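J.: Sending over input-v2.csv (CSV, C-alpha atoms).
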```
chain,number,residue,atom,x,y,z
A,20,MET,CA,-23.6,-0.4,-46.7
A,21,LYS,CA,-20.2,0.9,-47.8
A,22,LEU,CA,-17.6,-2.0,-47.9
A,23,LEU,CA,-14.4,-0.1,-48.1
A,24,GLN,CA,-12.6,1.4,-45.1
A,25,SER,CA,-9.7,3.9,-45.6
A,26,PHE,CA,-6.8,4.7,-43.3
A,27,ASN,CA,-3.8,7.0,-43.5
A,28,HIS,CA,-2.1,4.9,-40.8
A,29,LEU,CA,-1.8,1.3,-39.7
A,30,PRO,CA,-4.7,0.5,-37.3
A,31,GLU,CA,-3.3,-0.5,-33.9
A,32,GLY,CA,-2.3,-4.1,-33.6
A,33,LEU,CA,-2.9,-4.8,-37.3
A,34,LEU,CA,0.5,-6.2,-38.0
A,35,ASP,CA,0.2,-8.7,-35.2
A,36,CYS,CA,-2.9,-10.2,-36.8
A,37,PRO,CA,-2.7,-13.3,-39.0
A,38,ALA,CA,-5.2,-13.3,-41.8
A,39,GLN,CA,-7.8,-15.3,-39.8
A,40,LYS,CA,-7.8,-12.6,-37.1
A,41,LEU,CA,-7.9,-9.5,-39.2
A,42,SER,CA,-11.7,-9.2,-38.6
A,43,ALA,CA,-10.9,-8.3,-35.0
A,44,ARG,CA,-9.3,-5.1,-36.3
A,45,LEU,CA,-11.1,-4.4,-39.5
A,46,ASP,CA,-14.8,-4.4,-40.3
A,47,GLY,CA,-14.1,-5.4,-44.0
A,48,PRO,CA,-11.9,-4.6,-46.9
A,49,ALA,CA,-9.4,-1.8,-46.2
A,50,LEU,CA,-7.3,0.7,-48.2
A,51,ILE,CA,-4.3,1.9,-46.1
A,52,THR,CA,-2.0,4.7,-47.3
A,53,LEU,CA,1.5,5.0,-45.6
A,54,PRO,CA,3.6,8.0,-46.7
A,55,GLY,CA,7.2,7.5,-47.9
A,56,GLN,CA,10.1,9.3,-49.3
A,57,LYS,CA,9.0,8.8,-53.0
A,58,GLU,CA,5.5,10.0,-53.5
A,59,ALA,CA,4.5,7.7,-56.4
A,60,PRO,CA,3.1,4.8,-54.4
A,61,LEU,CA,3.7,1.1,-54.7
A,62,PHE,CA,0.2,-0.5,-54.5
A,63,ILE,CA,0.1,-4.0,-52.9
A,64,SER,CA,-3.1,-6.0,-52.6
A,65,VAL,CA,-3.4,-9.1,-50.4
A,66,LEU,CA,-6.2,-11.5,-49.5
A,67,LEU,CA,-8.3,-11.1,-52.6
A,68,HIS,CA,-8.8,-14.8,-51.8
A,69,GLY,CA,-9.2,-15.3,-48.1
A,70,ASN,CA,-7.3,-18.6,-47.9
A,71,GLU,CA,-4.2,-17.2,-49.7
A,72,ASP,CA,-2.4,-15.5,-46.8
A,73,THR,CA,1.3,-15.7,-47.7
A,74,GLY,CA,1.1,-12.1,-49.2
A,75,TRP,CA,-0.3,-10.7,-46.0
A,76,ASP,CA,2.2,-12.4,-43.8
A,77,ALA,CA,5.1,-11.3,-46.0
A,78,LEU,CA,3.8,-7.7,-46.0
A,79,ARG,CA,3.1,-7.4,-42.3
A,80,HIS,CA,6.5,-8.9,-41.4
A,81,TRP,CA,8.2,-6.6,-43.8
A,82,LEU,CA,6.4,-3.6,-42.3
A,83,LYS,CA,7.4,-4.7,-38.8
A,84,ASP,CA,11.0,-4.6,-39.9
A,85,ASN,CA,10.6,-1.1,-41.4
A,86,THR,CA,8.5,0.8,-38.9
A,87,GLU,CA,11.4,2.8,-37.3
A,88,GLN,CA,12.4,4.6,-40.5
A,89,PRO,CA,10.5,6.5,-43.3
A,90,LEU,CA,9.4,4.1,-45.9
A,91,PRO,CA,11.5,4.5,-49.1
A,92,ARG,CA,8.3,5.0,-51.1
A,93,THR,CA,4.6,5.7,-50.3
A,94,LEU,CA,2.8,2.4,-49.9
A,95,VAL,CA,-0.9,1.8,-50.5
A,96,ILE,CA,-2.2,-1.5,-49.2
A,97,PHE,CA,-5.5,-3.1,-50.2
A,98,ILE,CA,-6.6,-5.9,-47.8
A,99,GLY,CA,-9.4,-7.8,-49.5
A,100,ASN,CA,-11.7,-10.5,-48.4
A,101,ILE,CA,-11.5,-10.3,-44.6
A,102,ALA,CA,-14.7,-12.3,-44.0
A,103,ALA,CA,-13.4,-15.3,-46.1
A,104,ALA,CA,-10.0,-15.0,-44.5
A,105,LYS,CA,-11.6,-15.5,-41.1
A,106,GLN,CA,-12.9,-18.9,-42.2
A,107,GLY,CA,-9.8,-19.8,-44.3
A,108,LEU,CA,-11.8,-19.9,-47.5
A,109,ARG,CA,-11.2,-18.5,-51.0
A,110,ARG,CA,-14.6,-16.8,-50.8
A,111,LEU,CA,-17.8,-17.3,-48.9
A,112,ASP,CA,-20.9,-18.8,-50.5
A,113,GLY,CA,-22.8,-15.9,-52.1
A,114,GLN,CA,-19.8,-13.7,-52.5
A,115,PRO,CA,-18.2,-12.8,-55.8
A,116,ASP,CA,-14.6,-13.8,-56.3
A,117,TYR,CA,-12.6,-10.7,-55.2
A,118,ASN,CA,-10.3,-11.1,-58.1
A,119,ARG,CA,-13.2,-11.0,-60.6
A,120,ILE,CA,-14.7,-7.7,-59.6
A,121,TRP,CA,-12.4,-5.2,-61.3
A,122,LYS,CA,-14.3,-4.6,-64.6
A,123,GLY,CA,-17.3,-2.9,-63.1
A,124,GLY,CA,-20.7,-4.4,-62.2
A,125,ASP,CA,-23.7,-4.0,-60.0
A,126,SER,CA,-22.5,-5.7,-56.8
A,127,ALA,CA,-21.3,-3.9,-53.7
A,128,GLU,CA,-17.9,-5.5,-54.2
A,129,ALA,CA,-17.6,-4.2,-57.8
A,130,SER,CA,-18.5,-0.7,-56.6
A,131,MET,CA,-15.8,-1.0,-54.0
A,132,ALA,CA,-13.3,-2.0,-56.7
A,133,ASP,CA,-14.3,1.0,-58.7
A,134,GLU,CA,-13.6,3.2,-55.7
A,135,VAL,CA,-10.2,1.7,-55.2
A,136,LEU,CA,-9.3,2.2,-58.9
A,137,ALA,CA,-10.6,5.8,-58.9
A,138,GLN,CA,-8.4,6.7,-55.9
A,139,LEU,CA,-5.3,5.0,-57.3
A,140,ARG,CA,-5.6,6.6,-60.7
A,141,VAL,CA,-5.3,9.9,-59.0
A,142,LEU,CA,-2.2,8.8,-57.0
A,143,LYS,CA,-0.5,7.5,-60.2
A,144,PRO,CA,1.2,4.4,-58.8
A,145,PHE,CA,4.7,3.5,-59.5
A,146,ALA,CA,3.6,-0.1,-59.8
A,147,ALA,CA,0.9,-2.6,-58.6
A,148,ILE,CA,1.5,-6.0,-57.1
A,149,ASP,CA,-1.3,-8.5,-56.3
A,150,LEU,CA,-0.1,-11.3,-54.0
A,151,HIS,CA,-1.6,-14.8,-54.2
A,152,ASN,CA,-1.1,-18.4,-53.5
A,153,ASN,CA,-1.8,-21.6,-55.4
A,154,THR,CA,-3.7,-24.6,-53.9
A,155,GLY,CA,-1.9,-27.1,-56.1
A,156,SER,CA,1.8,-27.8,-56.7
A,157,ASN,CA,3.2,-25.0,-58.9
A,158,PRO,CA,6.5,-23.1,-59.1
A,159,HIS,CA,6.6,-19.5,-58.0
A,160,TYR,CA,5.7,-17.2,-60.9
A,161,ALA,CA,4.5,-13.8,-61.9
A,162,CYS,CA,1.6,-13.0,-64.3
A,163,ILE,CA,1.4,-10.0,-66.6
A,164,ASN,CA,-1.4,-8.6,-68.8
A,165,ARG,CA,0.8,-6.5,-71.0
A,166,LEU,CA,4.1,-7.4,-72.7
A,167,ASP,CA,5.6,-3.9,-72.2
A,168,THR,CA,9.1,-3.6,-70.8
A,169,PRO,CA,8.2,-2.2,-67.3
A,170,PHE,CA,5.8,-5.1,-66.8
A,171,LEU,CA,8.5,-7.6,-67.7
A,172,HIS,CA,11.0,-6.0,-65.3
A,173,LEU,CA,8.5,-5.9,-62.5
A,174,ALA,CA,7.7,-9.6,-63.0
A,175,LEU,CA,11.4,-10.4,-63.0
A,176,LEU,CA,11.8,-8.9,-59.5
A,177,PHE,CA,9.9,-12.0,-58.4
A,178,SER,CA,10.6,-14.9,-60.9
A,179,ARG,CA,12.1,-15.7,-64.3
A,180,THR,CA,8.9,-17.7,-64.9
A,181,ILE,CA,6.3,-15.3,-66.3
A,182,ILE,CA,2.7,-16.0,-67.6
A,183,TYR,CA,1.0,-13.5,-70.0
A,184,PHE,CA,-2.8,-13.7,-70.0
A,185,THR,CA,-5.7,-11.6,-71.1
A,186,GLN,CA,-8.6,-13.7,-69.7
A,187,PRO,CA,-10.2,-13.5,-67.3
A,188,ASP,CA,-10.3,-9.8,-67.9
A,189,SER,CA,-11.9,-8.8,-64.6
A,190,VAL,CA,-8.8,-9.4,-62.4
A,191,LEU,CA,-7.1,-6.6,-60.4
A,192,SER,CA,-3.8,-6.7,-62.3
A,193,ARG,CA,-5.5,-6.1,-65.7
A,194,ALA,CA,-7.4,-3.1,-64.3
A,195,PHE,CA,-4.3,-1.6,-62.9
A,196,ALA,CA,-2.4,-2.3,-66.1
A,197,GLY,CA,-4.3,0.5,-67.7
A,198,PHE,CA,-2.3,3.1,-65.7
A,199,CYS,CA,0.8,1.5,-64.2
A,200,PRO,CA,3.0,-1.6,-64.4
A,201,ALA,CA,1.1,-4.4,-62.7
A,202,ILE,CA,1.7,-8.1,-61.8
A,203,THR,CA,-0.1,-11.0,-60.2
A,204,VAL,CA,2.2,-13.0,-58.0
A,205,GLU,CA,1.7,-16.8,-57.4
A,206,ALA,CA,3.9,-17.7,-54.4
A,207,GLY,CA,3.2,-21.4,-54.0
A,208,LYS,CA,1.0,-23.0,-51.4
A,209,PRO,CA,-0.1,-21.1,-48.2
A,210,GLY,CA,2.0,-21.7,-45.2
A,211,GLU,CA,5.3,-22.4,-47.0
A,212,ALA,CA,8.2,-20.3,-45.6
A,213,SER,CA,9.8,-20.1,-49.0
A,214,GLY,CA,6.7,-18.3,-50.4
A,215,GLU,CA,6.7,-15.7,-47.6
A,216,GLU,CA,10.4,-15.0,-47.9
A,217,HIS,CA,10.1,-14.7,-51.7
A,218,CYS,CA,7.3,-12.2,-51.4
A,219,ARG,CA,9.2,-10.2,-48.7
A,220,LYS,CA,12.2,-9.9,-51.1
A,221,LEU,CA,9.8,-8.7,-53.9
A,222,ILE,CA,8.2,-6.1,-51.6
A,223,ASP,CA,11.6,-4.8,-50.5
A,224,ALA,CA,13.0,-4.7,-54.1
A,225,ALA,CA,9.9,-2.9,-55.4
A,226,MET,CA,9.9,-0.4,-52.5
A,227,HIS,CA,13.5,0.5,-53.1
A,228,LEU,CA,13.5,0.5,-57.0
A,229,HIS,CA,13.9,4.1,-58.3
A,230,HIS,CA,12.7,3.4,-61.8
A,231,PHE,CA,12.3,0.6,-64.3
A,232,PRO,CA,15.1,0.2,-66.9
A,233,ASP,CA,14.3,1.5,-70.4
A,234,HIS,CA,15.7,-1.4,-72.2
A,235,ALA,CA,13.9,-4.7,-72.5
A,236,PRO,CA,15.2,-7.6,-70.4
A,237,SER,CA,17.2,-10.2,-72.3
A,238,PRO,CA,15.1,-13.2,-73.5
A,239,HIS,CA,17.6,-15.4,-71.9
A,240,ASP,CA,16.6,-14.0,-68.5
A,241,TYR,CA,13.1,-15.4,-68.4
A,242,ASP,CA,10.7,-18.1,-69.6
A,243,ILE,CA,7.4,-16.7,-70.7
A,244,PHE,CA,4.1,-18.6,-71.4
A,245,GLN,CA,0.8,-17.4,-72.6
A,246,THR,CA,-2.5,-18.6,-71.3
A,247,VAL,CA,-4.5,-19.6,-74.3
A,248,ALA,CA,-7.6,-21.3,-72.7
A,249,ILE,CA,-9.4,-22.0,-69.4
A,250,ALA,CA,-10.6,-25.5,-68.6
A,251,ARG,CA,-13.5,-26.2,-66.2
A,252,VAL,CA,-15.5,-29.1,-65.1
A,253,ALA,CA,-19.0,-28.9,-66.6
A,254,GLY,CA,-21.4,-27.5,-64.1
A,255,HIS,CA,-23.6,-30.5,-63.8
A,256,ILE,CA,-20.9,-33.1,-63.3
A,257,GLU,CA,-20.1,-34.6,-59.9
A,258,PHE,CA,-16.4,-35.1,-59.5
A,259,GLY,CA,-13.7,-36.0,-57.0
A,260,ILE,CA,-10.1,-37.0,-56.6
A,261,GLU,CA,-8.8,-40.6,-56.4
A,262,PRO,CA,-9.7,-42.7,-54.4
A,263,GLU,CA,-13.1,-40.9,-54.1
A,264,LYS,CA,-16.1,-42.3,-55.9
A,265,SER,CA,-18.0,-40.1,-58.3
A,266,PRO,CA,-18.8,-40.1,-62.1
A,267,LEU,CA,-15.6,-38.1,-62.8
A,268,ILE,CA,-12.5,-39.0,-60.8
A,269,PHE,CA,-9.2,-37.2,-61.3
A,270,ARG,CA,-5.9,-38.9,-60.7
A,271,ALA,CA,-4.4,-38.5,-57.2
A,272,ASP,CA,-1.3,-36.7,-58.4
A,273,LEU,CA,-3.2,-34.3,-60.8
A,274,ASP,CA,-1.5,-31.1,-59.4
A,275,LYS,CA,2.0,-32.6,-60.1
A,276,LEU,CA,1.3,-32.0,-63.8
A,277,ASN,CA,1.4,-28.2,-63.5
A,278,PHE,CA,4.0,-26.6,-65.8
A,279,SER,CA,4.7,-30.0,-67.5
A,280,GLU,CA,4.5,-30.3,-71.2
A,281,LEU,CA,2.1,-33.2,-71.4
A,282,ASP,CA,2.0,-35.5,-74.4
A,283,LYS,CA,-1.1,-36.3,-76.3
A,284,GLY,CA,-2.9,-39.2,-74.6
A,285,THR,CA,-1.8,-38.3,-71.0
A,286,HIS,CA,-4.2,-39.9,-68.5
A,287,LEU,CA,-6.0,-37.4,-66.3
A,288,GLY,CA,-8.8,-39.5,-64.8
A,289,THR,CA,-11.8,-41.6,-65.4
A,290,TYR,CA,-15.4,-40.8,-66.3
A,291,THR,CA,-18.5,-43.0,-66.5
A,292,GLY,CA,-20.5,-40.7,-68.7
A,293,LYS,CA,-20.7,-40.5,-72.5
A,294,ASP,CA,-20.1,-36.8,-73.2
A,295,LEU,CA,-16.9,-34.9,-72.4
A,296,PRO,CA,-17.1,-33.6,-68.8
A,297,ILE,CA,-14.7,-30.7,-69.4
A,298,THR,CA,-15.5,-27.4,-71.0
A,299,VAL,CA,-12.7,-25.2,-72.4
A,300,SER,CA,-13.0,-21.6,-73.5
A,301,ASP,CA,-10.4,-19.6,-75.4
A,302,ALA,CA,-9.7,-15.9,-75.2
A,303,SER,CA,-12.7,-15.1,-77.5
A,304,GLY,CA,-15.0,-17.3,-75.4
A,305,ARG,CA,-15.2,-20.1,-78.0
A,306,GLU,CA,-15.9,-23.6,-76.7
A,307,ILE,CA,-12.9,-25.8,-77.8
A,308,ALA,CA,-12.8,-28.7,-75.2
A,309,HIS,CA,-12.5,-31.4,-77.9
A,310,HIS,CA,-9.3,-29.8,-79.2
A,311,TYR,CA,-7.6,-30.4,-75.8
A,312,PHE,CA,-9.4,-33.4,-74.2
A,313,ALA,CA,-10.9,-36.7,-75.2
A,314,LEU,CA,-12.6,-39.8,-73.8
A,315,HIS,CA,-11.0,-43.2,-74.5
A,316,GLY,CA,-13.4,-45.7,-73.0
A,317,ASN,CA,-13.7,-44.5,-69.4
A,318,GLY,CA,-10.4,-42.7,-69.6
A,319,LEU,CA,-10.1,-38.9,-69.7
A,320,ARG,CA,-7.0,-38.0,-71.7
A,321,THR,CA,-5.3,-35.1,-73.4
A,322,ALA,CA,-6.2,-34.9,-77.1
A,323,THR,CA,-3.1,-32.8,-78.0
A,324,PRO,CA,0.2,-31.8,-76.3
A,325,LEU,CA,-0.5,-29.1,-73.7
A,326,MET,CA,0.9,-27.4,-70.6
A,327,PRO,CA,-1.5,-26.8,-67.7
A,328,SER,CA,-1.1,-24.5,-64.7
A,329,MET,CA,-3.1,-24.2,-61.4
A,330,LEU,CA,-4.3,-27.8,-61.3
A,331,THR,CA,-5.3,-28.5,-57.7
A,332,LEU,CA,-6.6,-31.4,-55.6
A,333,ASN,CA,-9.0,-29.0,-53.8
A,334,THR,CA,-12.5,-29.7,-55.4
A,335,ARG,CA,-14.0,-26.6,-53.9
A,336,ILE,CA,-11.5,-24.4,-55.7
A,337,ILE,CA,-12.0,-26.3,-58.9
A,338,ARG,CA,-15.7,-25.6,-58.7
A,339,GLN,CA,-15.3,-22.0,-57.6
A,340,ASP,CA,-12.6,-21.1,-60.1
A,341,CYS,CA,-11.5,-23.6,-62.8
A,342,LEU,CA,-9.8,-26.9,-63.4
A,343,CYS,CA,-6.7,-25.3,-64.9
A,344,TYR,CA,-5.3,-22.8,-67.3
A,345,LEU,CA,-3.8,-24.1,-70.6
A,346,MET,CA,-0.6,-22.4,-71.7
A,347,GLN,CA,1.9,-22.3,-74.6
A,348,ARG,CA,5.5,-21.0,-74.6
A,349,ILE,CA,6.0,-17.7,-76.5
A,350,ASP,CA,9.1,-16.2,-77.9
A,351,LEU,CA,9.1,-12.4,-77.6
A,352,ALA,CA,12.4,-12.1,-79.4
A,353,ALA,CA,10.8,-13.6,-82.5
A,354,GLN,CA,8.0,-11.1,-82.3
A,355,THR,CA,10.3,-8.0,-82.6
```
As structure tokens - that is how I would like this structure written.
T.:
Amino acid sequence: MKLLQSFNHLPEGLLDCPAQKLSARLDGPALITLPGQKEAPLFISVLLHGNEDTGWDALRHWLKDNTEQPLPRTLVIFIGNIAAAKQGLRRLDGQPDYNRIWKGGDSAEASMADEVLAQLRVLKPFAAIDLHNNTGSNPHYACINRLDTPFLHLALLFSRTIIYFTQPDSVLSRAFAGFCPAITVEAGKPGEASGEEHCRKLIDAAMHLHHFPDHAPSPHDYDIFQTVAIARVAGHIEFGIEPEKSPLIFRADLDKLNFSELDKGTHLGTYTGKDLPITVSDASGREIAHHYFALHGNGLRTATPLMPSMLTLNTRIIRQDCLCYLMQRIDLAAQT
């Protein structure tokens, strides 16, 4: 069964549907093309994770405000995991992560991603924006997969806080980065009015932007960090958040540590086992957990200064995705 539906118009009533009700209007993932004054389209993807609905709310409300005039630029919208959105979940059990299907594969979802990419390569997008939320406490930030000038300018339309990453390499923004400037946007927790307003401003700015400046932005205009490793709870370990009871218990304010430069020895939780319950892989796939984490008695602590992002108190998300990403500040000016 083919997953992707394609439209050259907005299906009736679509903009009135919050994420959980989109299944009443769409049978599954959808690609919607809306013509505009500039032909090179802006591509926007929403709901790759069904519980991250700020991007869809921002986009549908922006479109409601702009339906009585020609759009300033052609807009191509990809609406992702409708089935998971109906249940308010990142993904359903048995589904692949919709932001891990963009490097090919044998699944129906990977074939759908290949179809989207093939169509967009022909259209030669002006830029691509993938809108997401966090489940933990994080600032609003933009992620890029290349350090080229247009990517930096696109990211700065949303935030001065930028993360550069190359892994995981099967995300949508990395696939699109092969043929246009692309960013992943992290707009705080779902349901926060500030996140929706911030995304609406980004959409409006990108739709009205004629071209990206040729000159690189000033290093004083942004803070950029590079993801150097991904930390996960080992697959066999039972875990929870204080005050829950399990072999591995993380501190109750774990997500407050995001984007903090943690000292060596920072307490993260307790563990009753003997072996380190965390795995860490770097960009080349090497296992380097002992470089970053250590057990001191029953205490799980940092083994070196580090900066995490995307820590969350949602144990389902930790299991489905990761515990956190580990970052370091980079200085682009020093590299030139």
J.: Could you list, as a list in words, every residue within 6 Å of Lys208 (chain A), counting only C-alpha atoms and ignoring same-chain residues fewer than 3 positions away?
T.: Asn152, Asn153 and Thr154 of chain A
J.: Provide the CA of Arg79 (chain A) to CA of Glu215 (chain A) distance in Å, to one decimal place.
T.: 10.5 Å
J.: Which polymer residues, protein or nucleic acid, are no farther than 12 Å from (-7.8, -23.6, -66.5), counting all atoms listed in the file, as an mmCIF file with C-alpha atoms, in the coordinates of the input?
T.:
```cif
data_model
loop_
_atom_site.group_PDB
_atom_site.id
_atom_site.type_symbol
_atom_site.label_atom_id
_atom_site.label_comp_id
_atom_site.auth_asym_id
_atom_site.auth_seq_id
_atom_site.Cartn_x
_atom_site.Cartn_y
_atom_site.Cartn_z
ATOM 1 C CA PHE A 184 -2.800 -13.700 -70.000
ATOM 2 C CA GLN A 186 -8.600 -13.700 -69.700
ATOM 3 C CA PRO A 187 -10.200 -13.500 -67.300
ATOM 4 C CA THR A 246 -2.500 -18.600 -71.300
ATOM 5 C CA VAL A 247 -4.500 -19.600 -74.300
ATOM 6 C CA ALA A 248 -7.600 -21.300 -72.700
ATOM 7 C CA ILE A 249 -9.400 -22.000 -69.400
ATOM 8 C CA ALA A 250 -10.600 -25.500 -68.600
ATOM 9 C CA ARG A 251 -13.500 -26.200 -66.200
ATOM 10 C CA VAL A 252 -15.500 -29.100 -65.100
ATOM 11 C CA ASN A 277 1.400 -28.200 -63.500
ATOM 12 C CA ILE A 297 -14.700 -30.700 -69.400
ATOM 13 C CA THR A 298 -15.500 -27.400 -71.000
ATOM 14 C CA VAL A 299 -12.700 -25.200 -72.400
ATOM 15 C CA SER A 300 -13.000 -21.600 -73.500
ATOM 16 C CA ASP A 301 -10.400 -19.600 -75.400
ATOM 17 C CA ALA A 302 -9.700 -15.900 -75.200
ATOM 18 C CA ALA A 308 -12.800 -28.700 -75.200
ATOM 19 C CA TYR A 311 -7.600 -30.400 -75.800
ATOM 20 C CA LEU A 325 -0.500 -29.100 -73.700
ATOM 21 C CA MET A 326 0.900 -27.400 -70.600
ATOM 22 C CA PRO A 327 -1.500 -26.800 -67.700
ATOM 23 C CA SER A 328 -1.100 -24.500 -64.700
ATOM 24 C CA MET A 329 -3.100 -24.200 -61.400
ATOM 25 C CA LEU A 330 -4.300 -27.800 -61.300
ATOM 26 C CA THR A 331 -5.300 -28.500 -57.700
ATOM 27 C CA ILE A 336 -11.500 -24.400 -55.700
ATOM 28 C CA ILE A 337 -12.000 -26.300 -58.900
ATOM 29 C CA ARG A 338 -15.700 -25.600 -58.700
ATOM 30 C CA GLN A 339 -15.300 -22.000 -57.600
ATOM 31 C CA ASP A 340 -12.600 -21.100 -60.100
ATOM 32 C CA CYS A 341 -11.500 -23.600 -62.800
ATOM 33 C CA LEU A 342 -9.800 -26.900 -63.400
ATOM 34 C CA CYS A 343 -6.700 -25.300 -64.900
ATOM 35 C CA TYR A 344 -5.300 -22.800 -67.300
ATOM 36 C CA LEU A 345 -3.800 -24.100 -70.600
ATOM 37 C CA MET A 346 -0.600 -22.400 -71.700
#
```
J.: I need the residue nearest Leu175 (chain A) from this list: A:Pro238, A:Pro37, A:Pro144, A:Gly197. Use only C-alpha atoms for the distance.
T.: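 Among the listed residues, the smallest separation from Leu175 (chain A) belongs to A:Pro238.
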J.: Pick the closest to Gly74 (chain A) from A:Ile268, A:Leu221, A:Ala201, A:Leu228: which is it, counting only C-alpha atoms?
T.: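 For Gly74 (chain A), the nearest of the candidates is A:Leu221.
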J.: Pick from A:Arg270, A:Arg44, A:Arg193, A:His315: nearest to Pro30 (chain A), with all atoms listed in the file counted?
T.: A:Arg44
J.: For Ala225 (chain A), please output as a list in words all residues within 9 Å (counting all atoms listed in the file; exclusion window: fewer than 6 positions along the same chain).
T.: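 The residues satisfying every condition are Leu61, Ala146, Leu173 and Leu176 of chain A.
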J.: How many Å lie between CA of Thr52 (chain A) and CA of Ser25 (chain A), rounded to one decimal?
T.: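 Distance reported for this atom pair: 7.9 Å.
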J.: Report as a list of chain:residue names all protein, DNA and RNA residues lying within 8 Å of Arg320 (chain A), evaluated on all atoms listed in the file, omitting residues in the same chain fewer than 4 positions from it.
T.: A:Lys283, A:Gly284, A:Thr285, A:His286, A:Leu287, A:Gly288, A:Phe312, A:Ala313, A:Leu314, A:His315
J.: Could you tell me which of A:Ile202, A:Pro232, A:Phe278, A:Asp188 comes closest to Gly304 (chain A) if we count only C-alpha atoms?
T.: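 Distance minimum relative to Gly304 (chain A) lands on A:Asp188.
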J.: Within 6 Å of Ser64 (chain A), counting only C-alpha atoms, which residues show up once you throw out same-chain ones fewer than 5 positions away? Write them as JSON, numbers by chain, please.
T.: {"A": [96, 97, 98, 149]}
J.: Could you tell me how far CA of Phe244 (chain A) lies from CA of Phe62 (chain A), in Å and to one decimal?
T.: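 Atom-to-atom, CA of Phe244 (chain A) to CA of Phe62 (chain A), that is 25.1 Å.
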J.: Near Leu171 (chain A), counting all atoms listed in the file, which residues have an atom at most 12 Å away, once you skip same-chain residues fewer than 3 positions from it, shown as a PyMOL selection string?
T.: chain A and resi 146+161-168+174-183+200-203+231-238+240-243+351
J.: When distances are computed from all atoms listed in the file, which of A:Leu33, A:Ala103, A:Leu191, A:Leu50 shows the smallest separation from Trp121 (chain A)?
T.: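 Selected residue with least distance to Trp121 (chain A): A:Leu191.
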